[in-house]
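Asks: Sharing a structure here in structure tokens format.
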Amino acid sequence: MAEAAVFQGTGRSPARRWLRRAAAVLATGPLLAGLLHLPSAPAASAAPAASGSRTVDVSLDTLTPSAPVKGDTVTITGTVTNKGKETVSDAQVDLRLGGGPMASRHAIEAAARRTGFAQDKDGSVLGGPYTVKIPKLPAGLSRDFRIAVPVGKLALDDEGIYQLGVSLTGRTGSEPYQVLGIERTFLPWQPAAAKNKTQLTVMWPLISAAYLSAETGSDDQQTPVFESDALAAELAPGGRLERMVSLGAELPVTWVIDPDLLATVDAMTRNYRVRSGTATVPGRNQAVAKQWLSALDKAVKGKKVIALPYGDPDLASLAHRGTKVSGSLSHLRPATEIAESTVETILHVKPSVDFAWPVDGAVDPSIVDVATSAGADKVIARSDSMRQDLPYSPTAARPIGGGTTAVVSDAVLSKAFEGGMARAGDATLAVQKFLAQTLAVTQEQPGNPRSIVVAPQRMPTVSQAESMASALRVLDGQRWTQPLDLVAAASAKPDPKATTQVPGAAKYPRHLRRTELPVETFQQVRATQDTLDNFKVILTAAYRVVTPFGNAINREMSTSWRGRPEEARGYQDGVLQHLKDLTAEVQLIEKSDLTLSGRSATIPVTVQNKLVQGVDHLVLRLESTKPTRLKLNGGEAIAELPVTIDGGHSQSVKFTASANANGPVPMTAQLFTEDGKPYGKPMKFTVKVSEITSTVMLVIAGGVLLLVLAGVRMYTQRKRAATRGAVDEAAEEPGTPDTADGTEEDDEAQEAGAGEATDTTDSADTAAPVGEADTASTESDEPVRASDRTPDTGPQSGDPSGPGEKVNR
């Protein structure tokens, strides 16, 4: 768009004010006359006036047809706006043709950058009926215009690109009649199809910011939770992603898709929830998501689909900063694997996963290495990164070594629709310039058809997408280009003169390096991954956690976070915090100090599982810091027991302990995974041993001694009773003196004799009669009568036999 500046009249300059004051003071006429004839040059140096050709802004809103053929009428509509401070009078809008066809692509770029009017380059007015008169154009106001001219009146003799200008000529109160504003555009003239056409590949990206969190519901369906519901606006009719799908469905493009976007929209088709402050609310846009996925499913039928690694990771940030953190690159290959399955499952097409796309196609050796580590053997670069000095645009495919192909997109065409396209004038100029550049590529070497790739911005706005679509619709006629998908473009025969040298790291653009993800991002990614690895090994249904958090980790490294550091940090912190909250659902229950009674006891430690799924492969370790005072599980300082708990339950794990001395013993309980990694925080408590004293030991010893003495006395009494029974039987036999009527002394003597017998049984077999009596009493089959003697030991007595006793069993 032509520049416009405020026009300042010289009558109000500081020099003129000084002249008026001088005239009022001076009295003499000659001196006054001399002063009035002073030149006004100092006024210009004090406040330079804007160039006359920048006073009026000229906007070209439409130009149809964009690429005319014979018999067409070129119609241009637009607006002129007076940016000056004075009214423009006697104005007219004219159409100008800038000479013959433009010589090169560089000439097109130079003309697009030129400002102000140049008679030798902008040509003369077409005149006649193709002029619009505007008698007056007050300051700050605008007027619309429309010019229609048959293409035959433009004198387009040779095929090529012509500069077409629209100018406004007029005068102001302080300026003579001249060109006060001009806008230039380009008119491609190729009335018949070219013999050798340029093969044009246009990438059509479907990429968005991250909206899905790592949090899911505790239900069987694992209801997803969205950070916001802003994605619905992009999917709704008129939204950015809806327009990308509806426009791309009609165009010969190659779809380049972030699978995370597909998975996110697919999650929206079912029940989902959206964060609202500290709570979540039900999502309401299932119908919008279903409609968008259905439209996309139809749009990609029969076209090539490129799947980027899941989450569209920032390859340059990984190469320059992620490699400083161990494990960062390990996410790329799984991200590529899940990308393929995600696209195939949702869109029912098999995508290509061989392509890597660094930001703005800027590459260096480290970026290429990172890209290939993900499994890609084709890197989408851009010609302003892999520069070269050739008089023509070479084919995009370039072998760069190691079996890797750089697909070098054309920088001018790829950036043609960047910037604001909301104004009709900006979109029209972008479309005409894009068409002119594509025709110029074809005409550079008419006998050498080449393959050119266009890689636009990752997330085009609605107006940018519509502008691109407008240009591609013009090319549908295939007069100088023909469509080619990206897979075929990467397989095209390379130009031997094209550079295959990947630029060094020093040439990586500074403005891109400044927006890279910081090292802290990858440090947090590692912390999240380590926490996840330690958590999943104890879960009985690990997939419920591994899948949502694994995808969230991929999103943390997304290219979409560039330029949004605060949002990126907030998302990363949220993922890690939610994971920590889940791991804390499996924990040790705090316990108060214990008192140990006696030498041994049981120490219970409770483990709680508040997850909806069970946990396993956990070990509870209890450690006594003073094993000389208190030992565990058979005399160890450390004891371990396995832990298995169902979801929503608790389990008390019991350890046996034995005390050797009294006093407090600090204890530490800690959960571990089976591979020996600590899980959760340790729990500390104290066991007080207070019952093992010297007095207690003496009491226990005395009690044992009394039991032993009681046993000896019982044994002695039983032996005496047995001896008396034997003596009585012997007295009843013939020839045995009757002692029944004996005196007290006889009884005492008898008792003494019996005692001596009991003692001698330890060394001689003098108790044979007793043995017989025992035998008789135990082996007799006769019924017991009331007059019979009751034996001292019952049949089959279980008591131990005395020394020297013979017992028949």
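Starting from 1 in every chain, residues are counted up; chains themselves are A, B, ... following the order of the structure tokens, and ligands are numbered from 1 as listed.
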Applying 7 Å and only C-alpha atoms, which residues near Lys136 (chain A) remain after dropping the ones on its own chain fewer than 3 positions away? List them as a VMD selection string.

Replies: chain A and resid 87 to 91

Asks: Please save N, CA and C atoms of the selected residues as a compact mmCIF listing (two decimals), in the first residue's frame.

Replies:
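What landed in out02.txt:
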```txt
# COMPACT_ATOMS: atom_id res chain seq x y z
N THR A 87 -7.29 20.29 1.47
CA THR A 87 -8.19 19.67 0.51
C THR A 87 -7.48 19.47 -0.83
N VAL A 88 -7.71 18.31 -1.41
CA VAL A 88 -7.18 18.02 -2.75
C VAL A 88 -8.28 18.34 -3.76
N SER A 89 -7.94 19.14 -4.73
CA SER A 89 -8.92 19.55 -5.74
C SER A 89 -8.45 19.13 -7.13
N ASP A 90 -9.43 19.11 -8.04
CA ASP A 90 -9.14 18.75 -9.44
C ASP A 90 -8.43 17.41 -9.53
N ALA A 91 -8.87 16.45 -8.75
CA ALA A 91 -8.18 15.14 -8.69
C ALA A 91 -8.79 14.17 -9.68
```

Asks: Env of Leu318 (chain A): 12 Å cut, atoms = only C-alpha atoms, seq-sep filter 5 positions within chain, self excluded. Answer as number ranges by chain.

Replies: A: 312-313, 323-332, 358-359, 366-371, 373-374, 513, 516-523, 525, 554, 556-559

Asks: Would you mind telling me which residue in A:Leu347, A:Arg54, A:Lys415, A:Val281 lies nearest to Ser294 (chain A) when using only C-alpha atoms?

Replies: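 With only C-alpha atoms as the atom set, the closest residue is A:Leu347.
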
Asks: Go through A:Thr185, A:Ser393, A:Thr668, A:Thr79 and flag the residue nearest Val687 (chain A), using only C-alpha atoms for the distances.

Replies: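 Residue with the minimum atom-to-atom distance to Val687 (chain A): A:Thr668.
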
Asks: Among region 82-228 of chain A, which ones does DSSP assign to strand (DSSP E or B) (computed from the backbone)? Answer as a PyMOL selection string.

Replies: chain A and resi 82+88-97+125+132-137+142-150+160-171+178-189+198-206+212-216+224-226

Asks: Please produce an output containing C-alpha atoms for each residue in the selection, written as a PDB file, in the first residue's frame.

Replies:
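Result saved to result-v3.pdb:
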```
ATOM      1  CA  ASN A  82      -6.590  12.144   1.852  1.00  0.00           C
ATOM      2  CA  VAL A  88      -7.183  18.015  -2.746  1.00  0.00           C
ATOM      3  CA  SER A  89      -8.916  19.545  -5.741  1.00  0.00           C
ATOM      4  CA  ASP A  90      -9.145  18.747  -9.439  1.00  0.00           C
ATOM      5  CA  ALA A  91      -8.179  15.145  -8.690  1.00  0.00           C
ATOM      6  CA  GLN A  92      -8.460  12.122 -10.914  1.00  0.00           C
ATOM      7  CA  VAL A  93      -7.677   8.415 -10.513  1.00  0.00           C
ATOM      8  CA  ASP A  94      -5.734   6.887 -13.416  1.00  0.00           C
ATOM      9  CA  LEU A  95      -4.536   3.469 -14.430  1.00  0.00           C
ATOM     10  CA  ARG A  96      -0.862   3.123 -15.337  1.00  0.00           C
ATOM     11  CA  LEU A  97       0.960   0.269 -17.066  1.00  0.00           C
ATOM     12  CA  VAL A 125      -1.684   6.985 -17.660  1.00  0.00           C
ATOM     13  CA  VAL A 132     -12.198   8.644 -12.511  1.00  0.00           C
ATOM     14  CA  LYS A 133     -12.697  12.338 -11.685  1.00  0.00           C
ATOM     15  CA  ILE A 134     -12.826  13.523  -8.057  1.00  0.00           C
ATOM     16  CA  PRO A 135     -13.414  17.312  -7.914  1.00  0.00           C
ATOM     17  CA  LYS A 136     -12.666  17.644  -4.209  1.00  0.00           C
ATOM     18  CA  LEU A 137     -11.188  15.345  -1.578  1.00  0.00           C
ATOM     19  CA  SER A 142     -12.077   8.876   1.423  1.00  0.00           C
ATOM     20  CA  ARG A 143     -13.642   8.232  -1.968  1.00  0.00           C
ATOM     21  CA  ASP A 144     -14.256   4.912  -3.705  1.00  0.00           C
ATOM     22  CA  PHE A 145     -13.377   4.324  -7.330  1.00  0.00           C
ATOM     23  CA  ARG A 146     -13.900   1.702  -9.983  1.00  0.00           C
ATOM     24  CA  ILE A 147     -12.009   1.311 -13.250  1.00  0.00           C
ATOM     25  CA  ALA A 148     -12.879  -1.311 -15.867  1.00  0.00           C
ATOM     26  CA  VAL A 149     -10.691  -1.715 -18.939  1.00  0.00           C
ATOM     27  CA  PRO A 150     -10.696  -4.408 -21.643  1.00  0.00           C
ATOM     28  CA  GLY A 160       4.968 -12.244 -18.504  1.00  0.00           C
ATOM     29  CA  ILE A 161       4.344 -10.115 -15.427  1.00  0.00           C
ATOM     30  CA  TYR A 162       3.292  -6.499 -15.858  1.00  0.00           C
ATOM     31  CA  GLN A 163       3.342  -3.774 -13.262  1.00  0.00           C
ATOM     32  CA  LEU A 164      -0.066  -2.170 -12.929  1.00  0.00           C
ATOM     33  CA  GLY A 165      -0.418   1.091 -11.013  1.00  0.00           C
ATOM     34  CA  VAL A 166      -3.317   3.214  -9.824  1.00  0.00           C
ATOM     35  CA  SER A 167      -2.457   6.869  -9.116  1.00  0.00           C
ATOM     36  CA  LEU A 168      -4.270   9.973  -7.919  1.00  0.00           C
ATOM     37  CA  THR A 169      -3.271  13.297  -9.460  1.00  0.00           C
ATOM     38  CA  GLY A 170      -4.420  16.642  -8.091  1.00  0.00           C
ATOM     39  CA  ARG A 171      -3.428  19.833  -6.343  1.00  0.00           C
ATOM     40  CA  GLN A 178       1.023  16.465  -9.470  1.00  0.00           C
ATOM     41  CA  VAL A 179       0.742  12.792  -8.487  1.00  0.00           C
ATOM     42  CA  LEU A 180      -0.264  12.770  -4.808  1.00  0.00           C
ATOM     43  CA  GLY A 181      -0.542   9.027  -4.297  1.00  0.00           C
ATOM     44  CA  ILE A 182       0.072   5.720  -6.078  1.00  0.00           C
ATOM     45  CA  GLU A 183      -0.298   1.986  -5.464  1.00  0.00           C
ATOM     46  CA  ARG A 184       1.278  -0.766  -7.536  1.00  0.00           C
ATOM     47  CA  THR A 185       0.325  -4.329  -8.134  1.00  0.00           C
ATOM     48  CA  PHE A 186       1.144  -7.043 -10.678  1.00  0.00           C
ATOM     49  CA  LEU A 187      -0.797  -8.515 -13.532  1.00  0.00           C
ATOM     50  CA  PRO A 188       0.312 -11.990 -14.725  1.00  0.00           C
ATOM     51  CA  TRP A 189      -0.279 -12.433 -18.418  1.00  0.00           C
ATOM     52  CA  THR A 198       6.113 -25.620 -12.696  1.00  0.00           C
ATOM     53  CA  GLN A 199       5.089 -28.372 -10.313  1.00  0.00           C
ATOM     54  CA  LEU A 200       3.735 -26.554  -7.274  1.00  0.00           C
ATOM     55  CA  THR A 201       3.342 -28.167  -3.856  1.00  0.00           C
ATOM     56  CA  VAL A 202       1.340 -26.281  -1.235  1.00  0.00           C
ATOM     57  CA  MET A 203       1.398 -27.462   2.371  1.00  0.00           C
ATOM     58  CA  TRP A 204      -1.912 -26.931   4.187  1.00  0.00           C
ATOM     59  CA  PRO A 205      -1.248 -27.012   7.942  1.00  0.00           C
ATOM     60  CA  LEU A 206      -3.787 -28.059  10.563  1.00  0.00           C
ATOM     61  CA  LEU A 212      -6.102 -30.627  26.526  1.00  0.00           C
ATOM     62  CA  SER A 213      -4.724 -31.050  30.039  1.00  0.00           C
ATOM     63  CA  ALA A 214      -3.252 -34.182  31.589  1.00  0.00           C
ATOM     64  CA  GLU A 215      -6.163 -34.503  34.008  1.00  0.00           C
ATOM     65  CA  THR A 216      -8.895 -37.063  33.423  1.00  0.00           C
ATOM     66  CA  PRO A 224     -10.862 -35.479  29.640  1.00  0.00           C
ATOM     67  CA  VAL A 225     -10.396 -32.020  31.136  1.00  0.00           C
ATOM     68  CA  PHE A 226      -9.681 -29.033  28.868  1.00  0.00           C
TER      69      PHE A 226
END
```

Asks: State, in Å with one decimal place, the distance from CA of Ala669 (chain A) to CA of Asp533 (chain A).

Replies: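 About the pair CA of Ala669 (chain A) and CA of Asp533 (chain A): they are 22.1 Å apart.
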
Asks: Which value, in Å to one decimal, gives the distance between CA of Asp258 (chain A) and CA of Ala307 (chain A)?

Replies: 6.1 Å

Asks: Looking at A:Asp485, A:Asp157, A:Glu234, A:Asp389, which one is nearest to Leu251 (chain A), with distances taken over only C-alpha atoms?

Replies: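 Ranked by minimum distance to Leu251 (chain A), first place goes to A:Asp485.
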
Asks: Between CA of Leu241 (chain A) and CA of Trp292 (chain A), what is the spacing in Å?

Replies: 8.5 Å

Asks: Pick out each residue of region 241-366 of chain A that DSSP on the backbone tags as alpha helix (DSSP H); I need them as number ranges by chain.

Replies: A: 241-248, 259-268, 286-299, 315-320, 332-347, 365-366

Asks: Please identify all polymer residues within 9 Å of region 236-240 of chain A, counting only C-alpha atoms, omitting same-chain residues fewer than 6 positions from it, and present them as an NGL selection string.

Replies: :A and (288-289 or 291-292 or 459-463 or 465)

Asks: Emit the selected residues as a CSV table (one decimal), in the first residue's frame, including N, CA and C atoms.

Replies:
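Result went into again28.csv, see below:
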```csv
chain,number,residue,atom,x,y,z
A,288,VAL,N,-20.2,-29.5,17.6
A,288,VAL,CA,-19.2,-28.7,16.8
A,288,VAL,C,-18.0,-29.6,16.4
A,289,ALA,N,-17.5,-30.3,17.4
A,289,ALA,CA,-16.4,-31.2,17.2
A,289,ALA,C,-16.7,-32.3,16.2
A,291,GLN,N,-19.0,-32.3,13.9
A,291,GLN,CA,-19.1,-31.8,12.5
A,291,GLN,C,-17.8,-31.5,11.9
A,292,TRP,N,-16.8,-30.9,12.6
A,292,TRP,CA,-15.5,-30.6,12.1
A,292,TRP,C,-14.8,-31.9,11.7
A,459,MET,N,0.1,-21.6,11.7
A,459,MET,CA,-1.3,-21.4,12.1
A,459,MET,C,-1.8,-20.1,11.4
A,460,PRO,N,-2.2,-20.2,10.1
A,460,PRO,CA,-2.7,-19.1,9.4
A,460,PRO,C,-4.0,-18.6,10.0
A,461,THR,N,-4.2,-17.3,10.0
A,461,THR,CA,-5.5,-16.7,10.4
A,461,THR,C,-6.5,-17.0,9.3
A,462,VAL,N,-7.8,-16.6,9.6
A,462,VAL,CA,-8.8,-16.8,8.6
A,462,VAL,C,-8.6,-16.0,7.4
A,463,SER,N,-8.2,-14.8,7.5
A,463,SER,CA,-7.9,-13.9,6.4
A,463,SER,C,-6.7,-14.4,5.6
A,465,ALA,N,-5.7,-17.5,5.4
A,465,ALA,CA,-6.1,-18.8,4.7
A,465,ALA,C,-7.0,-18.4,3.5
```

Asks: With only C-alpha atoms as the atoms that count, which of A:Met714, A:Ala469, A:Val474, A:Val265 lies nearest to Pro65 (chain A)?

Replies: A:Val474

Asks: List the spatial neighbours of Leu435 (chain A) as an NGL selection string - criterion: any atom at most 7 Å away, only C-alpha atoms, same-chain residues fewer than 4 positions off excluded.

Replies: :A and (188 or 431 or 439 or 471)

Asks: Those selected residues, please, written with C-alpha atoms and delivered as a compact mmCIF listing (two decimals), in the first residue's frame.

Replies:
```txt
# COMPACT_ATOMS: atom_id res chain seq x y z
CA PRO A 188 0.31 -11.99 -14.73
CA VAL A 431 -2.63 -12.60 -4.18
CA LEU A 439 4.64 -17.23 -13.25
CA ALA A 471 -4.47 -17.43 -5.18
```

Asks: List the spatial neighbours of Glu640 (chain A) as an MDAnalysis selection string - criterion: any atom at most 10 Å away, only C-alpha atoms, same-chain residues fewer than 5 positions off excluded.

Replies: chainID A and resid 619:623 632:633 653 655 669:672

Asks: Neighbouring residues of Thr81 (chain A) were defined as those with any atom within 7 Å, considering only C-alpha atoms; residues of the same chain fewer than 6 positions away were excluded. Please report them as a VMD selection string.

Replies: chain A and resid 56 to 58 140 to 143

Asks: Print the selection's residues with N, CA and C atoms to a file, as a PDB file, in the first residue's frame.

Replies:
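Okay, selection08.pdb is ready:
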```pdb
ATOM      1  N   VAL A  56      -1.796  11.176  -0.536  1.00  0.00           N
ATOM      2  CA  VAL A  56      -3.040  10.405  -0.627  1.00  0.00           C
ATOM      3  C   VAL A  56      -2.707   8.918  -0.595  1.00  0.00           C
ATOM      4  N   ASP A  57      -3.440   8.190   0.215  1.00  0.00           N
ATOM      5  CA  ASP A  57      -3.295   6.740   0.274  1.00  0.00           C
ATOM      6  C   ASP A  57      -4.235   6.100  -0.735  1.00  0.00           C
ATOM      7  N   VAL A  58      -3.684   5.245  -1.598  1.00  0.00           N
ATOM      8  CA  VAL A  58      -4.477   4.550  -2.606  1.00  0.00           C
ATOM      9  C   VAL A  58      -4.528   3.074  -2.237  1.00  0.00           C
ATOM     10  N   GLY A 140      -8.633  14.010   5.344  1.00  0.00           N
ATOM     11  CA  GLY A 140      -9.136  12.942   6.210  1.00  0.00           C
ATOM     12  C   GLY A 140     -10.272  12.144   5.634  1.00  0.00           C
ATOM     13  N   LEU A 141     -10.793  12.502   4.456  1.00  0.00           N
ATOM     14  CA  LEU A 141     -11.920  11.785   3.881  1.00  0.00           C
ATOM     15  C   LEU A 141     -11.467  10.835   2.774  1.00  0.00           C
ATOM     16  N   SER A 142     -12.381   9.898   2.426  1.00  0.00           N
ATOM     17  CA  SER A 142     -12.077   8.876   1.423  1.00  0.00           C
ATOM     18  C   SER A 142     -13.123   8.889   0.328  1.00  0.00           C
ATOM     19  N   ARG A 143     -12.726   8.404  -0.842  1.00  0.00           N
ATOM     20  CA  ARG A 143     -13.642   8.232  -1.968  1.00  0.00           C
ATOM     21  C   ARG A 143     -13.338   6.887  -2.611  1.00  0.00           C
TER      22      ARG A 143
END
```

Asks: Pick out the closest residue to Gly504 (chain A) from this set: A:Val545, A:Ile553, A:Ala362, A:Ile638. Count only C-alpha atoms.

Replies: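 When distances to Gly504 (chain A) are compared using only C-alpha atoms, the smallest one comes from A:Ala362.
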
Asks: Restricting the calculation to only C-alpha atoms: of A:Thr428, A:Ala335, A:Thr223, A:Glu250, which residue gets closest to Ala267 (chain A)?

Replies: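 Among the listed residues, A:Thr223 lies closest to Ala267 (chain A).
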
Asks: Do a neighbour search on Thr656 (chain A) at 12 Å with only C-alpha atoms, toss out local chain neighbours closer than 4 positions, and write the hits as a list in words.

Replies: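 In the requested form, the answer reads Leu596, Arg599, Ser600, Ala601, Thr602, Ile603, Pro604, Val605, Leu622, Ser624, Leu630, Lys631, Leu632, Asn633, Gly634, Gly635, Glu636, Ala637, Ile638, Ala639, Glu640 and Leu641 of chain A.
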
Asks: Now that the selection is made, can you save its residues with N, CA and C atoms as a tab-separated table (two decimals), in the first residue's frame?

Replies:
```tsv
chain	number	residue	atom	x	y	z
A	596	LEU	N	6.47	-50.16	73.61
A	596	LEU	CA	6.66	-51.59	73.44
A	596	LEU	C	6.58	-52.27	74.81
A	599	ARG	N	9.33	-58.15	75.70
A	599	ARG	CA	10.49	-58.32	74.84
A	599	ARG	C	10.13	-58.26	73.36
A	600	SER	N	8.92	-58.62	73.00
A	600	SER	CA	8.54	-58.65	71.60
A	600	SER	C	7.14	-58.08	71.43
A	601	ALA	N	6.91	-57.56	70.21
A	601	ALA	CA	5.61	-56.96	69.91
A	601	ALA	C	5.47	-56.82	68.40
A	602	THR	N	4.31	-56.35	67.95
A	602	THR	CA	4.04	-56.10	66.53
A	602	THR	C	3.90	-54.60	66.30
A	603	ILE	N	4.61	-54.10	65.27
A	603	ILE	CA	4.54	-52.69	64.92
A	603	ILE	C	3.75	-52.57	63.61
A	604	PRO	N	2.53	-52.00	63.64
A	604	PRO	CA	1.74	-51.85	62.40
A	604	PRO	C	2.04	-50.51	61.73
A	605	VAL	N	2.12	-50.53	60.39
A	605	VAL	CA	2.27	-49.32	59.59
A	605	VAL	C	1.18	-49.37	58.51
A	622	LEU	N	10.89	-50.71	56.89
A	622	LEU	CA	10.92	-50.14	58.23
A	622	LEU	C	12.33	-50.28	58.79
A	624	SER	N	15.05	-49.51	62.00
A	624	SER	CA	15.33	-49.14	63.39
A	624	SER	C	16.69	-48.47	63.43
A	630	LEU	N	16.46	-52.25	69.62
A	630	LEU	CA	15.23	-52.82	69.05
A	630	LEU	C	15.54	-53.37	67.67
A	631	LYS	N	15.24	-54.64	67.48
A	631	LYS	CA	15.47	-55.29	66.20
A	631	LYS	C	14.15	-55.71	65.58
A	632	LEU	N	14.17	-55.90	64.24
A	632	LEU	CA	12.95	-56.19	63.49
A	632	LEU	C	13.05	-57.55	62.80
A	633	ASN	N	11.93	-58.24	62.75
A	633	ASN	CA	11.79	-59.47	61.93
A	633	ASN	C	12.98	-60.42	62.09
A	634	GLY	N	13.21	-60.85	63.29
A	634	GLY	CA	14.25	-61.85	63.50
A	634	GLY	C	15.63	-61.30	63.70
A	635	GLY	N	15.75	-60.08	64.16
A	635	GLY	CA	17.06	-59.57	64.53
A	635	GLY	C	17.72	-58.66	63.53
A	636	GLU	N	16.96	-58.03	62.60
A	636	GLU	CA	17.54	-57.13	61.61
A	636	GLU	C	17.23	-55.68	61.97
A	637	ALA	N	18.11	-54.79	61.48
A	637	ALA	CA	17.86	-53.37	61.68
A	637	ALA	C	16.85	-52.84	60.68
A	638	ILE	N	16.75	-53.47	59.49
A	638	ILE	CA	15.83	-53.05	58.44
A	638	ILE	C	14.99	-54.25	58.03
A	639	ALA	N	13.71	-54.04	57.91
A	639	ALA	CA	12.79	-55.09	57.48
A	639	ALA	C	11.95	-54.57	56.33
A	640	GLU	N	11.62	-55.44	55.38
A	640	GLU	CA	10.82	-55.07	54.21
A	640	GLU	C	9.69	-56.06	54.04
A	641	LEU	N	8.52	-55.53	53.66
A	641	LEU	CA	7.36	-56.37	53.38
A	641	LEU	C	6.66	-55.85	52.14
```
